[in-house]
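Comments concern the structure below.
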Amino acid sequence: MKIAVAATGENLDSGASPVFGRCPYFILAEVNDEIQEIKALNNPAMTAGGGAGIQAAQLLAEEKAKVIISGSVGPNAFEVLRRFNMKVYEIQPGTVEENLKLYKKGELEEITVPGPENRGRAGMGAGRGGGRGVGRRF
Amino acid sequence: MRIAITGGKGGTGKSTVATSIAYEMAKGHRTLLVDCDVECPDDHLLLSISREKVQDVETLLPSFNQKTCQRCGNCSRVCRQNALVFVTYEYPFLIPEQCNGCGACILACPEQAITEDSQVIGTIYQGKLETQKDSFEQGMVTKRMAKNFLLISGEVAVGCEASTLVVNATRKYASQLEDDYSLTVIDTAAGTHCNVIAALMDTNLVLAVSEPTPLGKHDLDLILKLLEKIGLEARIITNRANIGNLNLIKALADEKGVKIVLEIPYKKEILEHYSRGVPALGDLVSQFVVDMVKEALLEESSVEEEP
Ligand code: SF4
Ligand code: SF4
């Protein structure tokens, strides 16, 4: 089964990334008895204006990943994953490989509800739309 | 004349200033208050106004015909909003909350499989001040004020990305009424995003409300830069002027050559008023408003004198 893990670097030893839409890479791996890295996917959505999560979800659907290991996923991206019957598991601090091992052992928790909306405005605090992150959405 | 009130991150007192100015102005002039903070409009709350809906804001929404769609993915590739999800061999699907109704997908479809539908992305409300007959409190609403004043308030539908379109629609609705009013006060959202710019466009004067803190200064700097870029006349109002370090703002004001026109102190009464739904800044703002209007009228008449 193909699994994608949100990552900060390009291989299995890279750190796990807690953000879904804007992580720099997804590591795609084939996980059966063994864990085998297929490739690192550059996340084109990392710098997207709005809808980064949607774009990332579309990329992973295209790659036919069935399971995603990442941090919380916004409502729109969650809808995309749901449509393609992809499941999300909550990522743990550590490397990509460690997360895949945890997944194999059944020790990762499935995320079944979307996280808070990230409206693509970098650096903005939680709550109402604030004034930071200038220029992103021009 | 149109003035806009803007400010840094939420809570600088932007809406307090906007409602207070409009309220004071309404004592002698026909005043339209336009709440363009469409993601979180609160002017009606500050003035205890119950709003009534005047119209929905609608925008184009693409509608897909799976009978003619060849699953080429063109529509998804041209969508800058990432509102159209396309995966090879699958039909594209739309995330309506993300769509801004630009229509690019319709043009890009080689099979004419997409047609125009519409969706509601927000609502425009209006509201009047209520006269308070039995109230002897300072700042009570007289009949004349109630007649002079109208609030127009735009609100974007929950989860919808298209706040700029709602701001534009709210401005457009308000502009049809403007002939009947001598002053329009526009309350913008915080920050410098597109929806703020839409609210600032075509105004005669922008009042930037700022707190005298390092963060407040940083935000104000961005706002002043933006105003300079658009070519709008700016003035600064500082809020909670007595608890931060006013020199931060003064230095920036000097550097940019922008005047600080009003310093609002932090006072308990202001907070109390605030929680009672009466504009808080009464006396403080009224002199300022008188000065501002005089200045503006002078400017207008000097403009008229030119050939
Ligand atoms: S109308 Fe524009 S924003 Fe909406 S789906 Fe089509 S291309 Fe995307
Ligand atoms: S561009 Fe038209 S034909 Fe191509 S996928 Fe989109 S709707 Fe279908």
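Identifiers in this document derive from the order of the structure tokens: chains are assigned A, B, ..., residues are numbered from 1 separately in each chain, and ligands are numbered from 1 in order of occurrence.
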
Nearby residues (only C-alpha atoms) at most 9 Å from stretch 185-191 of chain B, same-chain spacing under 4 positions excluded, as a PyMOL selection string: (chain A and resi 129-134) or (chain B and resi 1-12+14-15+17-19+21-22+31-41+43+167+171+195-200+203+219-220+222-223)

Could you produce a table of the residues of chain B lying within 7 Å of ligand 2, with the nearest pair of atoms per residue and their separation in Å rounded to one decimal, using only C-alpha atoms and all ligand atoms, ordered by chain and increasing residue number, as a tab-separated table?
residue	atom	partner	partner_atom_place_in_ligand_line	distance
B:Phe64	CA	ligand 2	7 (S)	6.0
B:Thr68	CA	ligand 2	3 (S)	6.9
B:Cys69	CA	ligand 2	8 (Fe)	3.7
B:Gln70	CA	ligand 2	3 (S)	4.3
B:Arg71	CA	ligand 2	5 (S)	3.7
B:Cys72	CA	ligand 2	4 (Fe)	3.9
B:Gly73	CA	ligand 2	5 (S)	3.9
B:Asn74	CA	ligand 2	1 (S)	4.2
B:Cys75	CA	ligand 2	1 (S)	4.1
B:Ser76	CA	ligand 2	6 (Fe)	6.5
B:Tyr91	CA	ligand 2	5 (S)	6.4
B:Pro92	CA	ligand 2	5 (S)	5.7
B:Cys105	CA	ligand 2	1 (S)	6.7
B:Ala108	CA	ligand 2	1 (S)	5.9
B:Cys109	CA	ligand 2	1 (S)	3.6
B:Pro110	CA	ligand 2	2 (Fe)	5.8
B:Glu111	CA	ligand 2	3 (S)	5.1
B:Gln112	CA	ligand 2	2 (Fe)	6.3
B:Ala113	CA	ligand 2	7 (S)	5.0
B:Ile114	CA	ligand 2	7 (S)	5.6

Among stretch 100-215 of chain B, which residues carry a DSSP assignment of helix (DSSP H, G or I), reported as a PyMOL selection string? chain B and resi 104-108+143-148+163-180+194-200+214-215

Residues of chain B at most 12 Å from ligand 1: nearest atom pair and distance in Å, only C-alpha atoms and all ligand atoms, as CSV:
residue,atom,partner,partner_atom_place_in_ligand_line,distance
B:Thr59,CA,ligand 1,1 (S),9.2
B:Leu60,CA,ligand 1,1 (S),6.7
B:Leu61,CA,ligand 1,1 (S),5.9
B:Pro62,CA,ligand 1,1 (S),5.7
B:Ser63,CA,ligand 1,5 (S),9.1
B:Phe64,CA,ligand 1,5 (S),10.3
B:Gly73,CA,ligand 1,7 (S),11.6
B:Asn74,CA,ligand 1,7 (S),9.9
B:Cys75,CA,ligand 1,7 (S),6.6
B:Ser76,CA,ligand 1,7 (S),7.1
B:Arg77,CA,ligand 1,7 (S),8.5
B:Val78,CA,ligand 1,7 (S),6.0
B:Cys79,CA,ligand 1,7 (S),3.8
B:Arg80,CA,ligand 1,8 (Fe),6.2
B:Gln81,CA,ligand 1,3 (S),5.1
B:Asn82,CA,ligand 1,8 (Fe),6.5
B:Ala83,CA,ligand 1,5 (S),5.0
B:Leu84,CA,ligand 1,5 (S),5.3
B:Val85,CA,ligand 1,5 (S),9.1
B:Phe86,CA,ligand 1,5 (S),11.3
B:Pro92,CA,ligand 1,5 (S),10.0
B:Phe93,CA,ligand 1,5 (S),8.9
B:Leu94,CA,ligand 1,5 (S),6.3
B:Ile95,CA,ligand 1,5 (S),7.6
B:Pro96,CA,ligand 1,4 (Fe),7.4
B:Glu97,CA,ligand 1,4 (Fe),9.2
B:Gln98,CA,ligand 1,3 (S),6.9
B:Cys99,CA,ligand 1,4 (Fe),3.8
B:Asn100,CA,ligand 1,3 (S),4.5
B:Gly101,CA,ligand 1,1 (S),3.9
B:Cys102,CA,ligand 1,2 (Fe),3.9
B:Gly103,CA,ligand 1,1 (S),3.8
B:Ala104,CA,ligand 1,7 (S),4.2
B:Cys105,CA,ligand 1,7 (S),4.1
B:Ile106,CA,ligand 1,6 (Fe),6.5
B:Leu107,CA,ligand 1,7 (S),8.7
B:Ala108,CA,ligand 1,7 (S),8.5
B:Cys109,CA,ligand 1,6 (Fe),10.1
B:Ile114,CA,ligand 1,6 (Fe),9.0
B:Thr115,CA,ligand 1,1 (S),10.0
B:Glu116,CA,ligand 1,1 (S),8.7
B:Asp117,CA,ligand 1,1 (S),9.9
B:Ser118,CA,ligand 1,1 (S),10.1
B:Gln119,CA,ligand 1,4 (Fe),10.7
B:Cys160,CA,ligand 1,3 (S),12.0
B:Glu161,CA,ligand 1,3 (S),10.1
B:Ala162,CA,ligand 1,3 (S),9.6

Test item: residues at most 12 Å from A:Ala56, only C-alpha atoms, excluding those fewer than 5 positions along its chain, as a PyMOL selection string: (chain A and resi 4-6+19-26+41-48+50-51+61-63+65+68+70+73-74+76-78+80-81) or (chain B and resi 82+85-87)
